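Trainee: Have a look at this one before I ask anything.
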Amino acid sequence: MPSSDRRKDKAVAARPWWLGAAVFAMGLLWLHGAQGIASTTNFIGLGPAAMIRMVGAGLAILGMLLILQALRGVPFMPQEEEGADAAAPPSRPAFLLALAGIAVPLATIRMLGFPLTAIFAFALVTHAFGSRRTLLDLAIGAVIGAASWYGFSLLGIELGPFLPVAGW
Amino acid sequence: MDVLHQLLGGFAVALQPINLFWALVGCILGTAVGVLPGIGPALTIALLLPVTAQVAPESAFIMFAGILYGALYGGSTTSILLNMPGESGSVMTAIEGSRMARNGRGAAALATAAVGSFVAGTIGTLALTFLAPAIAELAFIFGPEDYFALMILSFTSVAVVMGSSRIRGFTALFCGLALGTIGIDTQTGQSRMVFGTLELLDGVSFTVVLVALFAIGETLYVASRQSRRAAVVYPLSGGAWMTREDWRRSWKPWLRGALIGFPIGSLPAGGTEIPTFLSYTVERRLSARPEEFGHGAIEGVAGPEAANNAAAAGILVPLLTLGLPSTATAAVLLAAFQNYGLQPGPLLFATNPDLLWGLIASLFVGNIILLVLNLPLVGIWVRLLLIPRPYIYGGIVVFALVGVWGLSTSWMDLLLMCGLGLIGYVARVYDFPIAPALIGLILGPQAEIQLRRALAVSQGDWSVLVGTPIAASFLVIAVLVFFLPMIMTKFRGAVQQESKA
Amino acid sequence: MRKRSFLTGILALAFSAGIAAAEPAKVLIPANPGGGWDGAGRETMAAFNKSGVFTDGVSFTNKGGAAGTIGLAEFVRTAQGDDNALLVTGVIMVGGIISNKTPVSLADTTPLVRMTNEYNAIAVPADSDIKTPQDFLAALKEDPGALSVGGGSAGGVDHILLALLAKEAGAPVDKINFVSFSGGEILASLGGGKIKAAISGASEFRDFAASGRIRIIAVTGPARVEGLDVPTLKETGIPIEIGNWRGFVGAPGLSAEGRKTWLDRFQKLHESDAWKATLKTHGWEDAYLPGDDFVAFLKSEDARWTTALKEVGILK
């Protein structure tokens with residue numbers, strides 16, 4: 001494939017054997033899960049475990065193939081995306097900031113509600129992308145968060161209480 | 001002709017100013033909800049059902065028709081501009097459409113999607129008008145083994161064309177299949193792979209996976225690898241519209257998409273996903289420039305979009321002629337009919353011709369309204385891309401939250417979104433395709449159910465799978481799709497060697 | 001701008017039920033919008049408003065999943081002692097609690113009332129040899145595996161009805177061939193003769209039967225369904241009555257006063273014309289059963305479902 005050849009020159013070949021191992025482990029997990037439901041129920045034809053066993057086996061085989069590929073040095077190059085420089089060294093702080101923005105709802109949404117959570121998520125993600133105007137980001141986040149909360153509750157889609165700790 | 005006469009009567013109903021107004025309201029609402037992930041036409045119509053108490057049936061159904069088609073137009077917009085499909089039917093549009101947008105051809109992509117939707121929607125509605133009773137008979141001919149064969153055909157054709165390497169394509173497909181097995185097995189009531197959690201009993205929500213793999217994975221990836229160079233501003237003026245070349249390359253995919261979409265959409269277990277997958281692979285196979293696929297081929301937008309809209313018209317066939325709801329949207333429409341004390345089916349054509357033909361006529365009208373609304377909007381939508389990148393991605397994350405949290409305000413869904421978002425990130429870093437995972441998640445459970453239904457009815461006799469001509473021919477095509485490329489390459493190689501010698 | 005305000009107006013009109021007055025009811029619907037429970041909850045509260053029995057407004061929360069047991073767990077966790085909180089419930093939840101072995105049950109709430117029921121019907125393709133419920137039982141007894149019967153989810157009302165019928169026929173319950181369907185596919189499969197019989201809601205079959213592709217052989221309620229010339233199982237000597245009932249429960253630790261208030265309200269609603277109109281539009285049967293009788297009924301349903309789910313092999 002010409003495109004992967006081109007990218008092969010650009011970056012040092014990575015050998016992510018652990019990817020294959022993860023897929024293999026997932027296959028084992030599904031095979032193991034199939035054991036728990038095997039032939040315990042009444043059915044005619046094909047049982048509930050058959051599909052899981054098939055998927056598990058498939059994943060295990062694919063996992064081994066991926067490990068082989070990685071060890072043989074088949075390139076696993078980053079995809080080319082808009083504005084994302086595939087060859088650029090990944091920026092760990094930016095990644096962690098963005099991840100924090102995506103994970104922060106897990107910690108806050110049940111206590112602080114959707115609008116506040118949206119503000120945090122919005123501000124963290126904009127900072128990951130290099131914005132440094134914190135106050136403006138918080139303000140825009142507040143507008144988007146509150147507007148979607150209100151708009152969707154008008155539509156009858158419940159985004160939870162406005163501020164659960166305060167009981168609103 | 002009788003049908004023509006009645007259709008004209010239908011237009012007389014649909015073109016009344018009040019009904020035109022409702023059609024417009026429906027189109028706008030539909031476009032708006034189509035843009036949002038997870039909030040589709042079914043949910044919107046369900047929430048609007050109370051208006052049936054206040055509005056005449058003709059007006060209500062005309063509005064619902066607008067929502068149905070409008071959501072499809074809206075869904076393609078986010079897929080193309082933000083690489084964030086809102087509905088399962090627009091996953092394939094995102095693949096080529098978002099590449100086109102990145103190459104500064106977003107307007108052309110939006111335009112081919114809009115015109116293609118119009119063309120296919122109109123063809124679908126024409127077919128609904130004239131062929132519905134005949135096509136409805138298909139519903140009774142198709143058995144579980146035929147559906148199973150159709151899904152096998154979709155799997156193989158997609159797995160063959162997607163991704164840079166077959167092993168990675170299949171890995172993604174099997175991950176999707178694995179996610180699809182989570183939850184209660186409807187055939188036996190056993191819980192499978194739920195790891196002791198109640199939340200997983202209903203399975204992994206498609207919206208969560210869609211949002212996580214596309215929107216979240218993309219946000220993480222782009223954030224971590226921003227180029228040091230200044231952000232590219234898209235050339236809006238140059239080539240903003242469809243060029244003559246674009247038209248030439250689009251019209252055949254539109255027609256082929258409509259041809260694939262309508263019949264499959266009119267099957268009770270057809271849906272809109274299979275036609276879009278099949279249309280994409282057909283276009284990729286037939287294209288004169290297969291190398292452009294994956295880098296923004298306009299055929300890859302035109303075909304699936306047309307298929308999606310034609311399939312949506314197809315869904316109305318079993319609903320109106322037989323009273324069979326085949327999708328969530330159709331089920332809600334059925335509920336709306338029942339709110340008026342009406343039962344869709346053969347009798348409705350006799351008892352309420354005004355309503356029915358008004359509805360069909362309004363589908364034509366709605367399509368025109370949507371085209372008129374959407375073509376000028378293309379310029380405005382594309383301008384969305386001029387918003388500074390931090391705000392685009394911040395907004396994407398907030399809308400992803402709305403889509404996932406609004407589903408059932410479930411914390412587990414948010415956790416899944418984060419976990420799968422990380423997987424989406426890893427997939428981008430190591431060049432795994434995303435679409436096969438979604439196809440596995442959508443079609444895997446359906447294929448399993450149809451296979452097990454077929455085997456239950458036959459009491460474990462596997463020969464039933466090739467027992468009908470339909471099933472057998474689909475399977476033969478699937479085998480050909482899988483092996484033909486290899487044979488062709490060998491054959492070509494041999495010919496070349498000979499000519500060299 | 002004017003267009004937008006008009007739209008908002010329409011929306012506000014459509015969802016005016018959400019605008020609250022003094023002490024609004026808080027109704028938790030344990031299913032996603034659009035389904036049967038959602039309709040039951042919203043339509044009942046609308047009828048309250050229309051009849052003038054209770055006009056203080058309602059706020060709805062949808063919390064779907066796992067046969068309603070996720071909503072139940074949420075309700076038990078958050079509504080403790082709240083006199084304004086209601087949870088929509090039904091037979092599916094009873095089955096779900098048993099088969100999912102949830103830590104909370106309906107006994108943790110304050111059962112109030114059963115309001116509606118939708119009875120099932122058994123149908124066969126129009127050209128089938130099975131003409132009566134007795135033919136159906138005979139076919140079950142002869143070879144239960146050969147009689148493929150379509151229905152909703154495994155462990156649901158349809159499945160349990162087939163198990164009860166098999167037991168009645170003297171056929172082994174673990175050999176029945178139940179094929180699960182969702183949506184309209186079951187009608188197409190039955191009409192096309194892909195399956196030998198099907199069990200579903202009576203109203204779902206009724207209109208399709210009018211097209212002449214399928215024939216309904218029995219309904220499962222205590223009385224015939226209006227507009228259907230089909231016997232009940234009981235009429236033909238099969239002592240089975242089963243249906244998809246729905247009702248309401250109040251919060252855990254609901255005060256005696258609160259319980260009485262709601263029971264009074266439901267009684268008035270049941271007598272109102274608005275409620276009768278609602279029943280008619282949706283094809284629901286009146287199944288009003290309030291207070292202690294409902295508690296006793298829940299107990300008997302629990303016992304019946306535990307046995308039946310064990311017999312079909314879902315519960316071990």
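By convention in this document, the chains of the structure tokens carry letters A, B, ... by their order, each chain's residues are numbered from 1, and ligands are numbered from 1 in the order they are shown.
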Could you list, as a list of chain:residue names, every residue within 7 Å of region 254-264 of chain C, counting only C-alpha atoms and ignoring same-chain residues fewer than 2 positions away?
Mentor: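 Near neighbours after the sequence-gap exclusion: C:Gly81, C:Asp82, C:Asp83, C:Thr110, C:Leu112, C:Gly250, C:Ala251, C:Pro252, C:Phe266, C:Gln267, C:Lys268, C:Pro290.
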Trainee: Could you save the residues just selected, with N, CA and C atoms, as an mmCIF file, in the first residue's frame?
Mentor:
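Dumped to again.cif:
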data_model
loop_
_atom_site.group_PDB
_atom_site.id
_atom_site.type_symbol
_atom_site.label_atom_id
_atom_site.label_comp_id
_atom_site.auth_asym_id
_atom_site.auth_seq_id
_atom_site.Cartn_x
_atom_site.Cartn_y
_atom_site.Cartn_z
ATOM 1 N N GLY C 81 -40.230 8.428 51.213
ATOM 2 C CA GLY C 81 -41.120 9.293 51.990
ATOM 3 C C GLY C 81 -41.678 10.498 51.253
ATOM 4 N N ASP C 82 -41.566 10.527 49.924
ATOM 5 C CA ASP C 82 -42.056 11.671 49.155
ATOM 6 C C ASP C 82 -43.509 11.422 48.741
ATOM 7 N N ASP C 83 -44.429 12.202 49.304
ATOM 8 C CA ASP C 83 -45.845 11.948 49.053
ATOM 9 C C ASP C 83 -46.270 12.292 47.625
ATOM 10 N N THR C 110 -44.806 1.532 47.990
ATOM 11 C CA THR C 110 -46.158 1.462 48.527
ATOM 12 C C THR C 110 -47.121 1.257 47.358
ATOM 13 N N LEU C 112 -50.160 1.150 45.001
ATOM 14 C CA LEU C 112 -51.375 1.951 45.056
ATOM 15 C C LEU C 112 -52.518 1.315 44.271
ATOM 16 N N GLY C 250 -46.558 4.091 44.999
ATOM 17 C CA GLY C 250 -46.067 5.307 45.634
ATOM 18 C C GLY C 250 -44.702 5.061 46.257
ATOM 19 N N ALA C 251 -44.162 6.111 46.875
ATOM 20 C CA ALA C 251 -42.808 6.071 47.411
ATOM 21 C C ALA C 251 -42.693 5.083 48.558
ATOM 22 N N PRO C 252 -41.460 4.594 48.795
ATOM 23 C CA PRO C 252 -41.226 3.816 50.006
ATOM 24 C C PRO C 252 -41.511 4.721 51.207
ATOM 25 N N PHE C 266 -57.204 8.353 42.499
ATOM 26 C CA PHE C 266 -57.336 7.328 41.464
ATOM 27 C C PHE C 266 -58.778 6.843 41.361
ATOM 28 N N GLN C 267 -59.457 6.777 42.520
ATOM 29 C CA GLN C 267 -60.856 6.346 42.478
ATOM 30 C C GLN C 267 -61.700 7.334 41.688
ATOM 31 N N LYS C 268 -61.471 8.634 41.940
ATOM 32 C CA LYS C 268 -62.231 9.658 41.214
ATOM 33 C C LYS C 268 -61.895 9.619 39.737
ATOM 34 N N PRO C 290 -57.645 -1.256 43.500
ATOM 35 C CA PRO C 290 -56.909 -0.357 44.380
ATOM 36 C C PRO C 290 -56.453 -0.991 45.688
#
Trainee: May I have the residues of chain B within 7 Å of chain A, counting only C-alpha atoms, written as a PyMOL selection string?
Mentor: chain B and resi 47+102+167+171+174+177-178+181+185+188+193+220+222-227+231+390-391+393-395+398+405-406+409+411+414-415+418+428-431+452+455-456+459-460
Trainee: Between CA of Ala23 (chain B) and CA of Gln343 (chain B), what is the distance in Å, rounded to a tenth?
Mentor: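 CA of Gln343 (chain B) lies at a distance of 22.3 Å from CA of Ala23 (chain B).
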Trainee: Please extract the residues of region 131-233 of chain C with a backbone DSSP assignment of strand (DSSP E) and present them as a PyMOL selection string.
Mentor: chain C and resi 148-151+177-180+197-201+214-219
Trainee: Rank nothing, just name the residue among B:Asn308, B:Ser76, B:Ser463, B:Ser205 nearest to chain C, using only C-alpha atoms.
Mentor: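 Among the listed residues, the smallest separation from chain C belongs to B:Ser205.
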Trainee: Quick one: of C:Lys194, C:Lys131, C:Lys101, C:Lys276, who's nearest to chain B, counting only C-alpha atoms?
Mentor: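 Of C:Lys194, C:Lys131, C:Lys101, C:Lys276, the one nearest chain B, counting only C-alpha atoms, is C:Lys194.
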Trainee: Using only C-alpha atoms, find the one residue out of A:Ala139, A:Ala166, A:Leu154, A:Val74 that sits nearest to chain C.
Mentor: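 Nearest candidate to chain C out of A:Ala139, A:Ala166, A:Leu154, A:Val74: A:Leu154.
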Trainee: List every residue of chain C that has an atom at most 8 Å from any atom of chain B, giving for each one its closest atom pair and the distance in Å to one decimal, counting only C-alpha atoms, sorted by chain and then by ascending residue number, as a Markdown table.
Mentor:
| residue | atom | partner | partner_atom | distance |
| --- | --- | --- | --- | --- |
| C:Leu7 | CA | B:Val25 | CA | 7.6 |
| C:Ala14 | CA | B:Val51 | CA | 5.6 |
| C:Phe15 | CA | B:Pro50 | CA | 7.7 |
| C:Asn32 | CA | B:Ser408 | CA | 7.4 |
| C:Pro33 | CA | B:Leu43 | CA | 6.9 |
| C:Gly34 | CA | B:Ala46 | CA | 5.3 |
| C:Asn62 | CA | B:Ser408 | CA | 6.7 |
| C:Lys63 | CA | B:Ser408 | CA | 5.5 |
| C:Gly64 | CA | B:Ser408 | CA | 6.6 |
| C:Gly65 | CA | B:Asp202 | CA | 5.9 |
| C:Ala66 | CA | B:Leu201 | CA | 5.5 |
| C:Ile70 | CA | B:Leu198 | CA | 6.9 |
| C:Asn100 | CA | B:Leu198 | CA | 8.0 |
| C:Gly145 | CA | B:Gln459 | CA | 6.9 |
| C:Ala146 | CA | B:Gln459 | CA | 7.1 |
| C:Ser148 | CA | B:Val457 | CA | 5.7 |
| C:Ser153 | CA | B:Thr186 | CA | 5.1 |
| C:Ala154 | CA | B:Gly189 | CA | 4.9 |
| C:Gly155 | CA | B:Gly189 | CA | 5.9 |
| C:Asn177 | CA | B:Ala456 | CA | 6.9 |
| C:Phe178 | CA | B:Gln187 | CA | 7.8 |
| C:Val179 | CA | B:Arg453 | CA | 6.3 |
| C:Ser180 | CA | B:Gln187 | CA | 5.3 |
| C:Gly183 | CA | B:Ser326 | CA | 6.3 |
| C:Gly184 | CA | B:Leu324 | CA | 4.8 |
| C:Glu185 | CA | B:Pro268 | CA | 5.5 |
| C:Leu187 | CA | B:Leu324 | CA | 7.1 |
| C:Ala188 | CA | B:Phe140 | CA | 5.4 |
| C:Ser189 | CA | B:Phe140 | CA | 6.4 |
| C:Gly191 | CA | B:Phe140 | CA | 6.3 |
| C:Gly192 | CA | B:Phe140 | CA | 4.2 |
| C:Gly193 | CA | B:Phe140 | CA | 7.8 |
| C:Lys194 | CA | B:Gly143 | CA | 6.3 |
| C:Ile195 | CA | B:Val457 | CA | 6.7 |
| C:Asp207 | CA | B:Gln343 | CA | 6.8 |
| C:Phe208 | CA | B:Gly323 | CA | 7.0 |
| C:Ser211 | CA | B:Pro346 | CA | 7.0 |
| C:Thr281 | CA | B:Asn339 | CA | 6.3 |
| C:His282 | CA | B:Asn339 | CA | 7.2 |
| C:Ile314 | CA | B:Gly189 | CA | 6.1 |
Trainee: Generate the output file for the selected residues, N, CA and C atoms, as a CSV table (one decimal), in the first residue's frame.
Mentor:
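As written to disk, part-v9.csv reads:
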chain,number,residue,atom,x,y,z
C,7,LEU,N,-42.4,28.6,17.1
C,7,LEU,CA,-42.1,27.2,17.4
C,7,LEU,C,-42.1,26.9,18.9
C,14,ALA,N,-47.4,21.9,23.5
C,14,ALA,CA,-47.4,20.5,23.4
C,14,ALA,C,-47.0,19.9,24.8
C,15,PHE,N,-46.1,20.6,25.5
C,15,PHE,CA,-45.6,20.0,26.7
C,15,PHE,C,-46.1,20.8,27.9
C,32,ASN,N,-38.0,4.0,28.3
C,32,ASN,CA,-37.7,5.2,27.5
C,32,ASN,C,-38.9,5.8,26.8
C,33,PRO,N,-38.8,7.0,26.4
C,33,PRO,CA,-40.0,7.6,25.8
C,33,PRO,C,-40.5,6.9,24.6
C,34,GLY,N,-41.8,6.8,24.5
C,34,GLY,CA,-42.4,6.2,23.3
C,34,GLY,C,-43.0,4.8,23.5
C,62,ASN,N,-37.9,9.9,32.7
C,62,ASN,CA,-37.8,8.5,32.1
C,62,ASN,C,-36.5,7.9,32.5
C,63,LYS,N,-36.6,6.7,33.0
C,63,LYS,CA,-35.4,5.9,33.4
C,63,LYS,C,-35.6,4.5,33.0
C,64,GLY,N,-35.3,4.2,31.7
C,64,GLY,CA,-35.6,2.9,31.1
C,64,GLY,C,-34.5,1.9,31.4
C,65,GLY,N,-34.9,0.7,31.1
C,65,GLY,CA,-33.9,-0.4,31.1
C,65,GLY,C,-34.2,-1.6,32.0
C,66,ALA,N,-33.7,-2.8,31.6
C,66,ALA,CA,-33.8,-4.0,32.3
C,66,ALA,C,-35.2,-4.2,32.9
C,70,ILE,N,-34.4,-0.9,36.6
C,70,ILE,CA,-33.4,0.2,36.8
C,70,ILE,C,-34.2,1.4,37.4
C,100,ASN,N,-34.1,-10.9,36.9
C,100,ASN,CA,-32.9,-10.2,37.1
C,100,ASN,C,-32.4,-10.3,38.5
C,145,GLY,N,-41.9,-29.0,19.8
C,145,GLY,CA,-40.8,-28.4,19.1
C,145,GLY,C,-41.3,-28.0,17.7
C,146,ALA,N,-42.2,-28.7,17.1
C,146,ALA,CA,-42.6,-28.5,15.7
C,146,ALA,C,-43.5,-27.3,15.6
C,148,SER,N,-43.7,-23.8,16.1
C,148,SER,CA,-42.9,-22.6,16.4
C,148,SER,C,-43.9,-21.5,16.7
C,153,SER,N,-40.3,-10.6,24.0
C,153,SER,CA,-39.1,-11.1,24.6
C,153,SER,C,-39.3,-12.3,25.4
C,154,ALA,N,-38.2,-13.2,25.5
C,154,ALA,CA,-38.3,-14.3,26.3
C,154,ALA,C,-38.5,-13.9,27.8
C,155,GLY,N,-39.3,-14.6,28.5
C,155,GLY,CA,-39.6,-14.2,29.9
C,155,GLY,C,-40.7,-13.2,30.0
C,177,ASN,N,-41.2,-24.3,21.6
C,177,ASN,CA,-40.4,-23.6,20.6
C,177,ASN,C,-40.9,-22.1,20.5
C,178,PHE,N,-40.4,-21.3,21.4
C,178,PHE,CA,-40.8,-19.9,21.5
C,178,PHE,C,-39.8,-19.1,20.7
C,179,VAL,N,-40.3,-18.3,19.7
C,179,VAL,CA,-39.4,-17.5,18.9
C,179,VAL,C,-39.6,-16.0,19.2
C,180,SER,N,-38.6,-15.4,19.7
C,180,SER,CA,-38.8,-14.0,20.1
C,180,SER,C,-38.8,-13.0,18.9
C,183,GLY,N,-41.4,-5.6,17.4
C,183,GLY,CA,-41.9,-4.8,16.4
C,183,GLY,C,-42.9,-5.6,15.5
C,184,GLY,N,-43.1,-5.0,14.3
C,184,GLY,CA,-44.0,-5.6,13.3
C,184,GLY,C,-43.6,-6.8,12.6
C,185,GLU,N,-42.3,-7.2,12.8
C,185,GLU,CA,-41.8,-8.4,12.1
C,185,GLU,C,-42.6,-9.6,12.4
C,187,LEU,N,-45.8,-10.0,12.7
C,187,LEU,CA,-47.0,-10.0,11.9
C,187,LEU,C,-46.6,-10.5,10.5
C,188,ALA,N,-45.5,-10.0,10.0
C,188,ALA,CA,-45.1,-10.4,8.6
C,188,ALA,C,-44.7,-11.9,8.6
C,189,SER,N,-44.0,-12.3,9.7
C,189,SER,CA,-43.6,-13.7,9.7
C,189,SER,C,-44.8,-14.6,9.9
C,191,GLY,N,-48.0,-13.8,8.9
C,191,GLY,CA,-48.8,-13.7,7.7
C,191,GLY,C,-48.1,-14.5,6.6
C,192,GLY,N,-46.8,-14.6,6.6
C,192,GLY,CA,-46.1,-15.3,5.5
C,192,GLY,C,-45.9,-16.8,5.9
C,193,GLY,N,-46.5,-17.2,7.0
C,193,GLY,CA,-46.4,-18.6,7.4
C,193,GLY,C,-45.0,-19.1,7.8
C,194,LYS,N,-44.1,-18.2,8.2
C,194,LYS,CA,-42.8,-18.6,8.6
C,194,LYS,C,-42.9,-19.2,10.0
C,195,ILE,N,-43.8,-18.8,10.8
C,195,ILE,CA,-44.0,-19.4,12.1
C,195,ILE,C,-45.4,-20.0,12.1
C,207,ASP,N,-56.4,-5.6,14.1
C,207,ASP,CA,-56.5,-4.8,12.8
C,207,ASP,C,-55.8,-5.6,11.7
C,208,PHE,N,-54.8,-6.3,12.0
C,208,PHE,CA,-54.1,-7.0,11.0
C,208,PHE,C,-55.0,-8.2,10.5
C,211,SER,N,-57.3,-7.9,7.5
C,211,SER,CA,-56.8,-8.0,6.2
C,211,SER,C,-56.9,-9.4,5.7
C,281,THR,N,-59.5,5.2,23.5
C,281,THR,CA,-58.6,5.6,22.4
C,281,THR,C,-57.4,4.6,22.4
C,282,HIS,N,-57.0,4.1,23.5
C,282,HIS,CA,-55.8,3.3,23.5
C,282,HIS,C,-56.1,1.8,23.5
C,314,ILE,N,-35.8,-20.0,32.5
C,314,ILE,CA,-35.1,-18.7,32.6
C,314,ILE,C,-34.6,-18.5,34.0
Trainee: Using only C-alpha atoms, find the one residue out of C:Ala73, C:Ala163, C:Leu298, C:Ala303 that sits nearest to chain A.
Mentor: C:Ala163
Trainee: Please compute the CA of Ser154 (chain B)-CA of Met486 (chain B) distance, one decimal, in Å.
Mentor: 18.4 Å
Trainee: Just want the 8 Å neighbourhood of region 109-112 of chain B, counted on only C-alpha atoms, with same-chain residues fewer than 6 positions away dropped. Output as a list of chain:residue names.
Mentor: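 Listed by chain and then number, they are B:Ser76, B:Thr77, B:Ile80, B:Gly97, B:Met100, B:Ala101, B:Trp241, B:Met242, B:Trp247, B:Ser250, B:Ile298, B:Val301, B:Ala302, B:Leu375, B:Val378.
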Trainee: Quick one: residues within 9 Å of Ile238 (chain C), only C-alpha atoms counted, chain neighbours fewer than 3 positions away excluded, as a ChimeraX atom specification?
Mentor: /C:133-134,165,168,232-235,241
